[in-house]
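*Asks:* I am sharing protein.cif, which consists of mmCIF, C-alpha atoms and all ligand atoms:
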data_run
#
loop_
_atom_site.label_atom_id
_atom_site.label_comp_id
_atom_site.auth_asym_id
_atom_site.auth_seq_id
_atom_site.Cartn_x
_atom_site.Cartn_y
_atom_site.Cartn_z
CA MET H 9 18.54 36.82 21.64
CA GLN H 10 20.98 34.38 20.04
CA VAL H 11 19.72 30.95 19.02
CA LEU H 12 22.01 28.07 18.09
CA VAL H 13 20.37 25.98 15.36
CA THR H 14 22.00 22.59 14.87
CA GLY H 15 21.11 21.03 11.51
CA GLY H 16 20.02 24.48 10.36
CA ALA H 17 20.99 23.90 6.73
CA GLY H 18 18.53 20.99 6.43
CA TYR H 19 14.92 20.96 5.30
CA ILE H 20 13.05 22.00 8.46
CA GLY H 21 16.03 23.93 9.82
CA SER H 22 16.36 26.22 6.79
CA HIS H 23 12.65 27.11 6.88
CA THR H 24 12.85 27.75 10.61
CA LEU H 25 15.81 30.09 10.04
CA VAL H 26 13.64 32.27 7.79
CA CYS H 27 11.02 32.61 10.56
CA LEU H 28 13.61 33.22 13.31
CA LEU H 29 15.45 35.87 11.27
CA ASP H 30 12.18 37.54 10.26
CA GLN H 31 11.26 37.73 13.96
CA GLY H 32 14.56 39.43 14.79
CA TYR H 33 16.37 36.50 16.41
CA GLU H 34 20.12 36.22 15.81
CA VAL H 35 21.09 32.74 14.68
CA VAL H 36 24.19 30.58 14.73
CA VAL H 37 23.94 27.54 12.46
CA TYR H 38 25.97 24.44 13.25
CA ASP H 39 25.75 21.69 10.63
CA ASN H 40 28.14 19.08 9.24
CA LEU H 41 26.32 19.26 5.85
CA ILE H 42 25.99 15.48 5.71
CA ASN H 43 22.49 15.89 4.28
CA ALA H 44 22.41 19.55 3.31
CA SER H 45 24.03 22.23 1.22
CA ALA H 46 25.49 25.57 2.28
CA GLU H 47 23.53 26.97 -0.68
CA ALA H 48 20.37 26.64 1.46
CA LEU H 49 21.90 29.12 3.90
CA SER H 50 22.82 31.57 1.12
CA ARG H 51 19.22 31.42 -0.08
CA VAL H 52 17.89 32.06 3.43
CA GLU H 53 20.22 35.09 3.64
CA LYS H 54 18.81 36.39 0.33
CA LEU H 55 15.20 35.79 1.40
CA THR H 56 15.59 37.53 4.74
CA GLY H 57 18.26 40.13 3.96
CA LYS H 58 20.13 38.97 7.09
CA THR H 59 23.49 37.28 7.50
CA ILE H 60 23.92 33.89 9.11
CA ASP H 61 26.79 32.95 11.38
CA PHE H 62 27.56 29.45 10.05
CA VAL H 63 29.98 26.98 11.57
CA GLN H 64 30.50 23.67 9.78
CA GLY H 65 30.84 20.97 12.40
CA ASP H 66 29.50 17.78 13.88
CA VAL H 67 27.46 17.70 17.10
CA ARG H 68 29.66 14.82 18.30
CA ASP H 69 32.75 17.02 18.06
CA THR H 70 32.87 18.22 21.64
CA ASP H 71 35.91 20.50 21.21
CA SER H 72 34.24 22.30 18.35
CA LEU H 73 31.03 22.68 20.38
CA ASP H 74 32.92 24.00 23.41
CA ASP H 75 34.61 26.54 21.18
CA LEU H 76 31.27 27.53 19.66
CA PHE H 77 29.69 28.21 23.05
CA ALA H 78 32.81 29.97 24.35
CA THR H 79 32.94 32.41 21.44
CA ARG H 80 29.23 33.35 21.32
CA SER H 81 26.48 34.36 23.74
CA ILE H 82 23.99 31.63 22.99
CA ASP H 83 20.70 31.78 24.91
CA MET H 84 18.77 28.91 23.37
CA VAL H 85 19.41 25.84 21.25
CA ILE H 86 17.15 24.26 18.63
CA HIS H 87 18.46 20.78 17.90
CA PHE H 88 17.52 19.52 14.42
CA ALA H 89 20.77 17.74 13.59
CA ALA H 90 20.07 14.06 13.08
CA LEU H 91 19.90 11.30 10.49
CA LYS H 92 16.26 10.83 9.55
CA ALA H 93 15.61 7.88 7.24
CA VAL H 94 13.43 5.49 9.21
CA GLY H 95 14.06 2.47 6.93
CA GLU H 96 17.82 3.09 6.73
CA SER H 97 18.00 3.19 10.53
CA ALA H 98 17.06 -0.51 10.62
CA GLN H 99 20.00 -1.28 8.31
CA CYS H 100 22.58 0.72 10.27
CA PRO H 101 21.20 1.12 13.81
CA LEU H 102 24.55 1.90 15.43
CA GLU H 103 25.15 4.81 13.09
CA TYR H 104 21.71 6.18 13.99
CA TYR H 105 22.17 5.81 17.75
CA GLN H 106 25.68 7.28 17.39
CA ASN H 107 24.56 10.30 15.48
CA ASN H 108 21.15 10.96 17.00
CA VAL H 109 21.49 9.85 20.63
CA HIS H 110 25.21 10.30 21.27
CA GLY H 111 25.11 13.55 19.25
CA SER H 112 22.32 14.87 21.49
CA LEU H 113 24.28 13.89 24.61
CA CYS H 114 27.39 15.73 23.37
CA LEU H 115 25.31 18.83 22.71
CA LEU H 116 23.60 18.69 26.11
CA GLU H 117 27.00 18.29 27.81
CA ALA H 118 28.43 21.28 25.94
CA MET H 119 25.35 23.31 26.92
CA ALA H 120 25.77 22.28 30.56
CA LYS H 121 29.44 23.37 30.53
CA ALA H 122 28.47 26.70 29.00
CA GLY H 123 25.52 27.20 31.37
CA VAL H 124 22.93 27.28 28.56
CA ASN H 125 19.63 25.84 29.79
CA ASN H 126 17.06 26.38 27.02
CA PHE H 127 16.57 23.53 24.57
CA VAL H 128 14.08 22.83 21.78
CA TYR H 129 14.20 19.27 20.51
CA SER H 130 13.09 17.87 17.13
CA SER H 131 11.06 14.89 18.21
CA SER H 132 8.60 12.96 16.11
CA ALA H 133 5.16 11.39 16.05
CA THR H 134 7.00 8.06 15.85
CA VAL H 135 7.53 8.22 19.65
CA TYR H 136 3.92 7.15 20.21
CA GLY H 137 4.39 3.76 18.54
CA GLU H 138 1.71 1.38 17.39
CA ALA H 139 0.10 0.73 20.79
CA ASN H 140 -1.47 4.20 21.00
CA PRO H 141 -4.69 5.04 19.09
CA SER H 142 -5.02 8.25 17.06
CA PRO H 143 -5.35 11.07 17.56
CA TYR H 144 -2.10 11.02 19.52
CA VAL H 145 -2.17 13.13 22.70
CA GLU H 146 0.91 14.24 24.65
CA THR H 147 -0.37 12.54 27.85
CA MET H 148 -0.07 9.08 26.24
CA ASN H 149 2.73 6.80 27.36
CA LEU H 150 5.48 6.70 24.77
CA GLY H 151 5.46 3.49 22.78
CA SER H 152 8.26 1.23 21.62
CA PRO H 153 8.90 2.38 18.05
CA SER H 154 9.99 -0.46 15.81
CA SER H 155 12.81 1.50 14.14
CA PRO H 156 16.14 2.55 15.71
CA TYR H 157 15.33 6.06 14.45
CA GLY H 158 12.10 6.19 16.48
CA ALA H 159 13.69 4.47 19.48
CA GLY H 160 16.42 7.13 19.46
CA LYS H 161 13.79 9.89 19.61
CA VAL H 162 12.19 8.19 22.65
CA MET H 163 15.63 7.84 24.29
CA VAL H 164 16.48 11.51 23.85
CA GLU H 165 13.08 12.56 25.22
CA ARG H 166 13.81 10.38 28.25
CA ILE H 167 17.30 11.88 28.60
CA LEU H 168 15.73 15.35 28.65
CA LEU H 169 13.38 14.33 31.49
CA ASP H 170 16.27 12.90 33.52
CA LYS H 171 18.40 15.96 32.82
CA ALA H 172 15.59 18.23 34.00
CA ARG H 173 15.18 16.18 37.20
CA ALA H 174 18.89 16.54 37.93
CA ASN H 175 19.24 20.18 36.96
CA PRO H 176 16.50 22.45 38.30
CA ASN H 177 17.43 25.21 35.83
CA PHE H 178 16.99 23.11 32.69
CA ARG H 179 14.10 24.07 30.38
CA ALA H 180 13.24 21.97 27.34
CA VAL H 181 10.49 21.68 24.78
CA SER H 182 10.09 18.49 22.72
CA LEU H 183 8.28 19.20 19.49
CA ARG H 184 6.70 16.05 18.10
CA TYR H 185 6.37 16.68 14.40
CA PHE H 186 3.88 14.86 12.26
CA ASN H 187 4.59 14.89 8.48
CA PRO H 188 6.06 18.17 7.22
CA ILE H 189 5.78 18.77 3.48
CA GLY H 190 5.83 21.78 1.13
CA ALA H 191 8.36 24.55 0.85
CA HIS H 192 8.80 28.29 1.35
CA PRO H 193 6.28 30.05 -0.96
CA SER H 194 9.14 31.73 -2.87
CA GLY H 195 10.24 28.30 -4.18
CA ASP H 196 13.82 29.25 -3.29
CA ILE H 197 14.26 26.80 -0.41
CA GLY H 198 12.74 23.36 -0.02
CA GLU H 199 13.41 19.69 0.60
CA ASP H 200 16.43 18.36 -1.28
CA PRO H 201 16.95 14.71 -0.34
CA THR H 202 20.15 13.01 -1.47
CA GLY H 203 19.58 9.99 -3.73
CA ILE H 204 16.18 8.35 -4.04
CA PRO H 205 13.67 10.12 -1.79
CA ASN H 206 12.30 8.07 1.10
CA ASN H 207 9.45 10.44 1.84
CA LEU H 208 6.23 10.65 -0.12
CA LEU H 209 6.13 14.28 -1.29
CA PRO H 210 9.69 14.58 -2.64
CA PHE H 211 9.08 11.34 -4.51
CA ILE H 212 5.87 12.71 -6.02
CA THR H 213 7.50 15.99 -7.08
CA GLN H 214 10.42 14.08 -8.64
CA VAL H 215 7.93 11.98 -10.65
CA ALA H 216 6.18 15.21 -11.67
CA VAL H 217 9.43 16.82 -12.83
CA GLY H 218 10.39 13.69 -14.81
CA LYS H 219 13.25 12.44 -12.62
CA ARG H 220 11.40 9.24 -11.61
CA ASP H 221 9.05 7.06 -13.67
CA LYS H 222 6.33 6.42 -11.18
CA LEU H 223 5.46 6.47 -7.52
CA ARG H 224 5.19 3.20 -5.69
CA VAL H 225 2.28 3.38 -3.25
CA PHE H 226 3.27 1.17 -0.34
CA GLY H 227 0.24 -0.97 0.47
CA GLY H 228 -3.36 -0.76 -0.73
CA GLU H 229 -5.17 -2.92 1.80
CA TYR H 230 -4.73 -1.08 5.06
CA PRO H 231 -7.85 -0.66 7.21
CA THR H 232 -8.33 2.94 6.03
CA SER H 233 -10.99 4.59 3.83
CA ASP H 234 -9.16 3.81 0.55
CA GLY H 235 -6.71 1.15 1.74
CA THR H 236 -3.61 3.40 1.76
CA CYS H 237 -1.78 4.75 4.82
CA VAL H 238 -3.04 7.87 6.56
CA ARG H 239 -0.75 10.59 7.97
CA ASP H 240 -1.08 14.11 9.34
CA TYR H 241 0.69 16.30 6.75
CA LEU H 242 1.52 19.87 7.71
CA HIS H 243 3.14 22.73 5.82
CA VAL H 244 6.83 23.11 6.66
CA MET H 245 6.30 26.88 7.16
CA ASP H 246 3.66 26.12 9.81
CA LEU H 247 6.14 23.75 11.43
CA ALA H 248 8.85 26.43 11.24
CA GLU H 249 6.52 28.91 12.96
CA GLY H 250 5.95 26.28 15.65
CA HIS H 251 9.64 26.60 16.58
CA VAL H 252 9.39 30.36 16.92
CA ALA H 253 6.28 29.83 19.08
CA ALA H 254 8.28 27.45 21.30
CA ILE H 255 11.22 29.86 21.58
CA ASP H 256 8.87 32.76 22.33
CA TRP H 257 7.11 30.66 24.95
CA LEU H 258 10.40 29.78 26.69
CA ALA H 259 11.45 33.42 26.56
CA THR H 260 8.19 34.64 28.11
CA GLN H 261 7.93 31.94 30.83
CA PRO H 262 10.97 32.63 32.98
CA SER H 263 9.61 30.53 35.85
CA PHE H 264 9.11 27.42 33.68
CA ARG H 265 11.41 24.51 34.54
CA GLY H 266 11.41 20.97 33.19
CA VAL H 267 10.28 19.50 29.87
CA GLU H 268 7.06 20.05 27.92
CA ALA H 269 6.13 18.05 24.81
CA PHE H 270 3.90 19.41 22.06
CA ASN H 271 2.40 17.75 19.01
CA LEU H 272 2.82 19.84 15.86
CA GLY H 273 0.29 18.62 13.31
CA THR H 274 -3.00 19.70 11.77
CA GLY H 275 -5.22 17.08 13.41
CA ASN H 276 -6.32 15.78 9.98
CA GLY H 277 -5.50 12.36 8.61
CA ILE H 278 -4.87 12.23 4.83
CA SER H 279 -4.31 9.05 2.78
CA VAL H 280 -1.60 8.52 0.17
CA LEU H 281 -4.21 8.49 -2.63
CA GLU H 282 -5.69 11.74 -1.31
CA ILE H 283 -2.21 13.28 -1.40
CA ILE H 284 -1.78 12.23 -5.04
CA ALA H 285 -5.22 13.62 -5.95
CA SER H 286 -4.52 16.86 -4.13
CA PHE H 287 -1.12 17.27 -5.88
CA GLU H 288 -2.74 16.66 -9.26
CA ALA H 289 -5.55 19.13 -8.53
CA ALA H 290 -3.17 21.86 -7.32
CA THR H 291 -0.65 21.49 -10.14
CA THR H 292 -2.56 19.86 -13.05
CA VAL H 293 0.38 17.43 -13.34
CA LYS H 294 -0.62 13.75 -13.49
CA ILE H 295 1.28 11.33 -11.22
CA ALA H 296 1.85 7.80 -12.50
CA TYR H 297 1.70 5.31 -9.65
CA GLN H 298 1.51 1.64 -8.89
CA THR H 299 0.35 0.01 -5.68
CA VAL H 300 3.02 -2.35 -4.33
CA GLU H 301 3.62 -4.33 -1.13
CA PRO H 302 3.46 -2.42 2.17
CA ARG H 303 6.75 -0.91 3.40
CA ALA H 304 8.15 -2.60 6.51
CA GLY H 305 7.50 -0.63 9.69
CA ASP H 306 4.72 1.63 8.33
CA LEU H 307 1.74 2.09 10.66
CA PRO H 308 -1.66 2.16 8.91
CA ALA H 309 -2.81 5.54 10.23
CA PHE H 310 -1.93 8.24 12.74
CA TRP H 311 -2.65 11.91 13.25
CA ALA H 312 -2.28 14.51 15.98
CA ASN H 313 -4.36 16.07 18.62
CA ALA H 314 -2.69 19.50 18.46
CA GLU H 315 -4.81 21.26 21.09
CA LYS H 316 -1.99 21.62 23.59
CA ALA H 317 0.17 23.59 21.13
CA SER H 318 -2.84 25.79 20.38
CA ASN H 319 -3.69 26.39 24.04
CA VAL H 320 -0.18 26.83 25.41
CA LEU H 321 2.00 28.02 22.50
CA ASN H 322 -0.81 29.80 20.66
CA TRP H 323 0.27 27.88 17.56
CA GLN H 324 -1.93 26.29 14.95
CA ALA H 325 -1.20 24.90 11.49
CA LYS H 326 -2.86 27.40 9.15
CA ARG H 327 -1.89 26.47 5.61
CA SER H 328 -4.11 24.27 3.40
CA LEU H 329 -3.24 21.01 1.69
CA ALA H 330 -3.46 22.83 -1.66
CA GLU H 331 -0.81 25.34 -0.48
CA MET H 332 1.45 22.47 0.61
CA MET H 333 1.21 20.98 -2.89
CA GLU H 334 1.60 24.27 -4.78
CA ASP H 335 4.65 25.27 -2.71
CA ALA H 336 6.30 21.84 -2.98
CA TRP H 337 5.82 21.97 -6.75
CA ARG H 338 7.09 25.56 -7.09
CA TRP H 339 10.30 24.55 -5.29
CA GLN H 340 10.79 21.39 -7.36
CA SER H 341 9.99 23.00 -10.73
CA LYS H 342 12.22 26.02 -10.04
CA ASN H 343 15.01 23.72 -8.80
CA PRO H 344 14.75 20.38 -10.64
CA ASN H 345 18.13 19.36 -9.20
CA GLY H 346 17.61 20.83 -5.76
CA TYR H 347 20.49 23.02 -4.57
CA SER H 348 23.09 21.48 -6.89
P1 LIG H 401 17.48 17.08 7.24
O1 LIG H 401 18.30 15.87 6.99
O2 LIG H 401 17.08 17.90 6.08
O3 LIG H 401 18.22 18.02 8.30
C1 LIG H 401 19.08 17.52 9.29
C2 LIG H 401 20.33 18.36 9.26
O4 LIG H 401 21.22 17.92 10.28
C3 LIG H 401 21.08 18.28 7.93
O5 LIG H 401 21.38 19.58 7.51
C4 LIG H 401 22.34 17.48 8.27
O6 LIG H 401 23.43 17.88 7.44
C5 LIG H 401 22.54 17.84 9.73
N1 LIG H 401 23.23 16.83 10.53
C6 LIG H 401 22.97 15.50 10.60
N2 LIG H 401 23.80 14.91 11.48
C7 LIG H 401 24.60 15.90 11.99
C8 LIG H 401 25.65 15.93 12.95
N3 LIG H 401 26.07 14.81 13.56
N4 LIG H 401 26.22 17.11 13.24
C9 LIG H 401 25.82 18.26 12.63
N5 LIG H 401 24.85 18.29 11.70
C10 LIG H 401 24.23 17.11 11.39
O7 LIG H 401 16.19 16.61 8.07
P2 LIG H 401 14.88 17.42 8.47
O8 LIG H 401 13.73 16.80 7.77
O9 LIG H 401 15.13 18.87 8.38
O10 LIG H 401 14.77 16.98 9.99
C11 LIG H 401 15.24 17.78 11.06
C12 LIG H 401 14.92 17.09 12.37
O11 LIG H 401 13.52 16.84 12.45
C13 LIG H 401 15.59 15.72 12.55
O12 LIG H 401 15.97 15.60 13.90
C14 LIG H 401 14.48 14.75 12.22
O13 LIG H 401 14.66 13.52 12.86
C15 LIG H 401 13.28 15.48 12.76
N6 LIG H 401 12.01 15.08 12.16
C16 LIG H 401 11.85 15.17 10.81
C17 LIG H 401 10.63 14.79 10.25
C18 LIG H 401 10.42 14.85 8.75
O14 LIG H 401 9.43 14.26 8.27
N7 LIG H 401 11.24 15.57 7.99
C19 LIG H 401 9.58 14.32 11.07
C20 LIG H 401 9.81 14.23 12.44
C21 LIG H 401 11.03 14.63 12.99
N1 LIG H 402 4.85 6.32 0.84
C1 LIG H 402 4.56 5.70 -0.36
N2 LIG H 402 5.50 5.74 -1.34
C2 LIG H 402 6.70 6.36 -1.18
C3 LIG H 402 6.98 7.00 0.06
C4 LIG H 402 6.03 6.95 1.04
O1 LIG H 402 3.50 5.12 -0.54
O2 LIG H 402 7.54 6.34 -2.12
C5 LIG H 402 3.84 6.30 1.91
C6 LIG H 402 4.32 5.60 3.16
O3 LIG H 402 4.06 4.22 3.07
C7 LIG H 402 3.50 6.30 4.23
C8 LIG H 402 3.30 7.72 3.68
O4 LIG H 402 3.58 7.63 2.28
O5 LIG H 402 2.27 5.70 4.31
C9 LIG H 402 4.23 8.73 4.30
O6 LIG H 402 5.55 8.23 4.23
P1 LIG H 402 6.83 9.13 4.52
O7 LIG H 402 8.01 8.28 4.29
O8 LIG H 402 6.73 10.41 3.77
O9 LIG H 402 6.63 9.52 6.05
P2 LIG H 402 6.56 8.61 7.36
O10 LIG H 402 5.19 8.79 7.94
O11 LIG H 402 7.00 7.21 7.10
O12 LIG H 402 7.66 9.28 8.29
C10 LIG H 402 7.83 10.70 8.37
C11 LIG H 402 9.31 11.02 8.58
C12 LIG H 402 9.76 10.55 9.94
C13 LIG H 402 8.85 11.09 11.00
C14 LIG H 402 7.40 10.76 10.72
C15 LIG H 402 6.53 11.46 11.73
O13 LIG H 402 10.10 10.43 7.56
O14 LIG H 402 11.08 11.03 10.17
O15 LIG H 402 7.05 11.22 9.42
O16 LIG H 402 5.22 11.40 11.43
F1 LIG H 402 9.19 10.60 12.21
#
As structure tokens, how would this structure be written, given the file I've shared?
Ligand code: NAD
Ligand code: UFG

*Replies:*
Amino acid sequence: MQVLVTGGAGYIGSHTLVCLLDQGYEVVVYDNLINASAEALSRVEKLTGKTIDFVQGDVRDTDSLDDLFATRSIDMVIHFAALKAVGESAQCPLEYYQNNVHGSLCLLEAMAKAGVNNFVYSSSATVYGEANPSPYVETMNLGSPSSPYGAGKVMVERILLDKARANPNFRAVSLRYFNPIGAHPSGDIGEDPTGIPNNLLPFITQVAVGKRDKLRVFGGEYPTSDGTCVRDYLHVMDLAEGHVAAIDWLATQPSFRGVEAFNLGTGNGISVLEIIASFEAATTVKIAYQTVEPRAGDLPAFWANAEKASNVLNWQAKRSLAEMMEDAWRWQSKNPNGYS
């Protein structure tokens, strides 16, 4: 079976490629490399001993997509390609809607032309918004996320529902990720953000490796056990396996039609200070930090109810917080400058 992986050179995409290739799936990667390096793909090839069919292109380039579908026998699409900095999306909302919503529409149109009906979408816990209490359950109404990034994820989920209503052959899975961290246990692939990291773990590992002075902990007076924000952190390899579970599920449910959403998280809420303590314990590296003002748009606490993914996809996050820290650190210490 041939799977098109848009954004496959990125953080979650590259880890998912390892799992797909190990399971015997053939992959075609389509990525414009705006936030990734082709080196990630070379490393995946080395790790798996398989070759990757890579096409550099943009999901908004409809001619290139039409050509891609016409020259391959693609059965399923996993759509990672997107811009993903929540804060940045408030500064340049049009760019985010252009890339993430319009890009998804272009891809869905190309799939429709080519008669490809199986779609796995990278959604996010942000779709629940602040009105819903944790743990988040898939039956909750989607909220109104404050950022254009989150709003775009809600829009694409809605587009998928409408598409499924109009096309009785369409089959889609929306995977709502919580907070992926860590890296492949080899330390050969991992998260390589350009510029100053927005996310917590890459910032911590860059402090640990000496590239940044200290971590700024955003907010210390939230209504949580220690005053810092709480999130549901999961190992990126668990998340990658969640994609294989979704693809396997679509492949083994030929009568399924429509859209199903699944939370991919551990079900545990962890605070920022607990993350720092857990990194220090797993690596014996001390992290200098300072508590500063809260970051605009951050919710105090959210975590997943991941029972549906367990019951339906037979998927559970298995790896411990200590493994997440050890693997993130192995990647960063082996590759202080990422892929460059
Ligand atoms: P990433 O930036 O590492 O990967 C995204 C990839 O898409 C990159 O390789 C980038 O070059 C590519 N890309 C971006 N725009 C493109 C376009 N127009 N055409 C072709 N390629 C394009 O990000 P990631 O962390 O791997 O995230 C993957 C997906 O998961 C995104 O959709 C993101 O919104 C979603 N997500 C991520 C998180 C997280 O915490 N990392 C959480 C929830 C959801
Ligand atoms: N944080 C800090 N200092 C930093 C970076 C982050 O204290 O330098 C804190 C944040 O305030 C937050 C927590 O660490 O409380 C996690 O922040 P991240 O930026 O790592 O993650 P977010 O929860 O803000 O968002 C991430 C992804 C989104 C995704 C969401 C889903 O960036 O794309 O998880 O749960 F939608």

*Asks:* Find the residues near Ser233 in chain H: any atom within 12 Å, counting only C-alpha atoms, skip ones fewer than 2 places away on the same chain, and give them as a PyMOL selection string.

*Replies:* chain H and resi 228-231+235-238+277-282+308-309

*Asks:* Output C-alpha atoms for every residue in that selection, as a compact mmCIF listing (two decimals), in the frame of the given file.

*Replies:*
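Contents of out10.txt, freshly written:
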# COMPACT_ATOMS: atom_id res chain seq x y z
CA GLY H 228 -3.36 -0.76 -0.73
CA GLU H 229 -5.17 -2.92 1.80
CA TYR H 230 -4.73 -1.08 5.06
CA PRO H 231 -7.85 -0.66 7.21
CA GLY H 235 -6.71 1.15 1.74
CA THR H 236 -3.61 3.40 1.76
CA CYS H 237 -1.78 4.75 4.82
CA VAL H 238 -3.04 7.87 6.56
CA GLY H 277 -5.50 12.36 8.61
CA ILE H 278 -4.87 12.23 4.83
CA SER H 279 -4.31 9.05 2.78
CA VAL H 280 -1.60 8.52 0.17
CA LEU H 281 -4.21 8.49 -2.63
CA GLU H 282 -5.69 11.74 -1.31
CA PRO H 308 -1.66 2.16 8.91
CA ALA H 309 -2.81 5.54 10.23

*Asks:* With all atoms listed in the file as the atoms that count, which of H:Met245, H:Ala120, H:Ala44, H:Leu49 lies nearest to Asp335 in chain H?

*Replies:*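 Nearest candidate to Asp335 in chain H out of H:Met245, H:Ala120, H:Ala44, H:Leu49: H:Met245.
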
*Asks:* Write out as a PyMOL selection string which residues come within 6 Å of range 11-14 of chain H when counting all atoms listed in the file, dropping same-chain ones fewer than 5 positions away.

*Replies:* chain H and resi 35-39+82+84-89

*Asks:* May I ask you to write as a PyMOL selection string all residues lying at most 6 Å from ligand LIG 402 (chain H), with all atoms listed in the file counted?

*Replies:* chain H and resi 92+132-134+185-187+206-208+211+223-226+237+280+303+306

*Asks:* Can you pull out the residues contacting Gly218 in chain H? Cut-off 12 Å, using only C-alpha atoms, and skip same-chain residues under 6 positions away; I want them as a PyMOL selection string.

*Replies:* chain H and resi 211-212+293-296+340-341+344-345

*Asks:* Could those selected residues go to a file with C-alpha atoms, as a CSV table (one decimal), in the coordinates of the input?

*Replies:*
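Produced file result-v1.csv, reproduced below:
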chain,number,residue,atom,x,y,z
H,211,PHE,CA,9.1,11.3,-4.5
H,212,ILE,CA,5.9,12.7,-6.0
H,293,VAL,CA,0.4,17.4,-13.3
H,294,LYS,CA,-0.6,13.8,-13.5
H,295,ILE,CA,1.3,11.3,-11.2
H,296,ALA,CA,1.8,7.8,-12.5
H,340,GLN,CA,10.8,21.4,-7.4
H,341,SER,CA,10.0,23.0,-10.7
H,344,PRO,CA,14.8,20.4,-10.6
H,345,ASN,CA,18.1,19.4,-9.2
